[in-house]
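What follows is one structure encoded as structure tokens, with my remarks underneath.
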Amino acid sequence: MNPLKALWNHLTATQIAPPLWLVVLSGFAALAVVAYPASWHISRGMITIAHEGGHALVAVLTRRKLRGIRLHSDTSGVTLTRGRPTGPGMIATAAAGYVAPSLIGLGSAWLVSGGRITMLLWAVLALLTCMLLMIRNFFGAVSLLAVGGAVFALSWFAPPDVQSACAYAAAWFLLLGGVRPILELQTKRRLGRAPDSDADQLARLTRVPGTLWVLLFLLVSAAALVYGGYLLTARWLPV
């Protein structure tokens, strides 16, 4: 068989869905990680990777010059781009960050619900590799290598049932974890601690109040959570 065709068949192969109790358990585990402050502080960096990746991807798609990405140990990050300081490209790039984790979670839920676990894992590896090429600080590089190494080990060494359970947990985590930073953002804005947040930058670019941008972020993330949750559990729901 042609090696490329064999690779494609491997990537598109479907896996058997885990039992419903494992899907539900993975969802509650992800909720606990997001809700508990100590575990959230440790895991929030994964959401930051998705956040900055969203900025970077939209910057490239809108033909802005991507100068680099930085991930920091306090779970913050920054994506540096060059181009027009105003206009649709800048607005789209600024708006992409807070909704990116939820939308990636929705895409993950779609792949997982179809049993395409291998495709999901390899897609994550490809995205992490692209981000690694643009990382401009040591901590960010180490973070991406650690996450990428874990995903590679899961895809290469773990049995299919473990891969499936982890994929469901990751999809739940992105869907749930995409909401909390938006709520935290509005709290910081209310206290005057985030004058240069994405929402405030968008307010200056569009003259639409920052609070409305936060509300839009929240609506997109909530819709992704509802529909993603449906996809993850649909096969067990009564017709």
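Identifiers in the structure tokens: chain A, B, ... in order shown; residue index from 1 per chain; ligand index from 1 in order shown.
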
Show which residues sit within 10 Å of Ala29 of chain A, as a PDB file with all heavy atoms, in the first residue's frame. Count only C-alpha atoms, and ignore same-chain residues fewer than 6 positions away.
```pdb
ATOM      1  N   VAL A  23     -17.617   8.779  29.772  1.00  0.00           N
ATOM      2  CA  VAL A  23     -17.799  10.098  29.175  1.00  0.00           C
ATOM      3  C   VAL A  23     -18.270  11.100  30.232  1.00  0.00           C
ATOM      4  O   VAL A  23     -17.755  12.220  30.328  1.00  0.00           O
ATOM      5  CB  VAL A  23     -18.806  10.036  28.017  1.00  0.00           C
ATOM      6  CG1 VAL A  23     -19.095  11.432  27.470  1.00  0.00           C
ATOM      7  CG2 VAL A  23     -18.290   9.130  26.903  1.00  0.00           C
ATOM      8  N   ALA A  35     -12.939  24.177  38.134  1.00  0.00           N
ATOM      9  CA  ALA A  35     -13.571  24.874  39.259  1.00  0.00           C
ATOM     10  C   ALA A  35     -12.658  25.016  40.469  1.00  0.00           C
ATOM     11  O   ALA A  35     -12.761  26.009  41.206  1.00  0.00           O
ATOM     12  CB  ALA A  35     -14.854  24.129  39.664  1.00  0.00           C
ATOM     13  N   ALA A 169     -11.893  13.754  27.836  1.00  0.00           N
ATOM     14  CA  ALA A 169     -11.567  14.651  28.948  1.00  0.00           C
ATOM     15  C   ALA A 169     -11.001  15.973  28.429  1.00  0.00           C
ATOM     16  O   ALA A 169     -11.340  17.050  28.943  1.00  0.00           O
ATOM     17  CB  ALA A 169     -10.570  13.981  29.888  1.00  0.00           C
ATOM     18  N   TRP A 172     -13.854  18.104  26.962  1.00  0.00           N
ATOM     19  CA  TRP A 172     -14.612  18.708  28.064  1.00  0.00           C
ATOM     20  C   TRP A 172     -13.827  19.846  28.705  1.00  0.00           C
ATOM     21  O   TRP A 172     -14.389  20.910  29.017  1.00  0.00           O
ATOM     22  CB  TRP A 172     -14.935  17.656  29.122  1.00  0.00           C
ATOM     23  CG  TRP A 172     -16.086  16.754  28.856  1.00  0.00           C
ATOM     24  CD1 TRP A 172     -16.056  15.394  28.741  1.00  0.00           C
ATOM     25  CD2 TRP A 172     -17.455  17.126  28.700  1.00  0.00           C
ATOM     26  NE1 TRP A 172     -17.312  14.884  28.514  1.00  0.00           N
ATOM     27  CE2 TRP A 172     -18.197  15.934  28.497  1.00  0.00           C
ATOM     28  CE3 TRP A 172     -18.142  18.342  28.710  1.00  0.00           C
ATOM     29  CZ2 TRP A 172     -19.580  15.937  28.306  1.00  0.00           C
ATOM     30  CZ3 TRP A 172     -19.515  18.347  28.514  1.00  0.00           C
ATOM     31  CH2 TRP A 172     -20.226  17.157  28.320  1.00  0.00           C
ATOM     32  N   PHE A 173     -12.526  19.650  28.901  1.00  0.00           N
ATOM     33  CA  PHE A 173     -11.718  20.675  29.555  1.00  0.00           C
ATOM     34  C   PHE A 173     -11.679  21.959  28.734  1.00  0.00           C
ATOM     35  O   PHE A 173     -11.801  23.067  29.276  1.00  0.00           O
ATOM     36  CB  PHE A 173     -10.295  20.158  29.775  1.00  0.00           C
ATOM     37  CG  PHE A 173      -9.359  21.212  30.310  1.00  0.00           C
ATOM     38  CD1 PHE A 173      -9.455  21.646  31.624  1.00  0.00           C
ATOM     39  CD2 PHE A 173      -8.406  21.780  29.487  1.00  0.00           C
ATOM     40  CE1 PHE A 173      -8.603  22.623  32.114  1.00  0.00           C
ATOM     41  CE2 PHE A 173      -7.551  22.766  29.964  1.00  0.00           C
ATOM     42  CZ  PHE A 173      -7.654  23.189  31.281  1.00  0.00           C
TER      43      PHE A 173
END
```

### Task
List every residue of segment 15-239 of chain A that DSSP, applied to the backbone of this structure, assigns to strand (DSSP E or B), and report them as a list of chain:residue names.
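Across segment 15-239 of chain A, those assigned strand (DSSP E or B) are A:Lys65, A:Leu66, A:Arg67, A:Gly68, A:Ile69, A:Arg70, A:Leu71, A:Gly77, A:Val78, A:Thr79, A:Leu80, A:Thr81, A:Arg82, A:Ile135.
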
#### Entry: Atom-to-atom span, atom CA of Ser221 of chain A and atom CA of Gly178 of chain A, Å
6.4 Å

List every residue of segment 137-170 of chain A that has an atom at most 10 Å from any atom of segment 111-129 of chain A, giving for each one its closest atom pair and the distance in Å to one decimal, counting only C-alpha atoms, sorted by chain and then by ascending residue number, as CSV.
```
residue,atom,partner,partner_atom,distance
A:Leu144,CA,A:Leu128,CA,6.5
A:Leu145,CA,A:Leu128,CA,8.3
A:Val147,CA,A:Leu128,CA,8.3
A:Gly148,CA,A:Leu125,CA,6.0
A:Gly149,CA,A:Leu125,CA,8.8
A:Ala150,CA,A:Leu125,CA,9.9
A:Val151,CA,A:Leu121,CA,6.6
A:Phe152,CA,A:Leu125,CA,7.2
A:Leu154,CA,A:Leu121,CA,8.3
A:Ser155,CA,A:Leu121,CA,6.4
A:Trp156,CA,A:Thr118,CA,9.6
A:Pro160,CA,A:Ile117,CA,8.6
A:Gln163,CA,A:Ile117,CA,7.1
A:Ser164,CA,A:Ile117,CA,6.3
A:Ala165,CA,A:Ile117,CA,9.7
A:Cys166,CA,A:Ile117,CA,9.5
A:Ala167,CA,A:Ile117,CA,6.7
A:Tyr168,CA,A:Val112,CA,6.7
A:Ala170,CA,A:Val112,CA,10.0
```

#### Entry: 8 Å contact set for Asn137 of chain A, only C-alpha atoms, chain neighbours under 3 positions out, as a PyMOL selection string
chain A and resi 69-71+140-141

Could those residues be written to a file, using N, CA, C and O atoms, as a JSON list (two decimals), in the first residue's frame?
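That gives us result.json:
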```json
[["chain", "number", "residue", "atom", "x", "y", "z"],
["A", 69, "ILE", "N", 5.21, 34.56, 19.61],
["A", 69, "ILE", "CA", 4.29, 34.24, 20.70],
["A", 69, "ILE", "C", 5.11, 34.04, 21.96],
["A", 69, "ILE", "O", 6.18, 33.43, 21.93],
["A", 70, "ARG", "N", 4.61, 34.55, 23.07],
["A", 70, "ARG", "CA", 5.24, 34.35, 24.37],
["A", 70, "ARG", "C", 4.23, 33.77, 25.34],
["A", 70, "ARG", "O", 3.10, 34.24, 25.42],
["A", 71, "LEU", "N", 4.65, 32.74, 26.07],
["A", 71, "LEU", "CA", 3.85, 32.16, 27.15],
["A", 71, "LEU", "C", 4.60, 32.34, 28.45],
["A", 71, "LEU", "O", 5.80, 32.07, 28.51],
["A", 140, "GLY", "N", 7.89, 29.42, 27.23],
["A", 140, "GLY", "CA", 6.90, 29.03, 26.24],
["A", 140, "GLY", "C", 7.33, 27.80, 25.46],
["A", 140, "GLY", "O", 6.52, 26.90, 25.20],
["A", 141, "ALA", "N", 8.61, 27.74, 25.09],
["A", 141, "ALA", "CA", 9.11, 26.59, 24.35],
["A", 141, "ALA", "C", 9.01, 25.32, 25.18],
["A", 141, "ALA", "O", 8.58, 24.27, 24.70]]
```
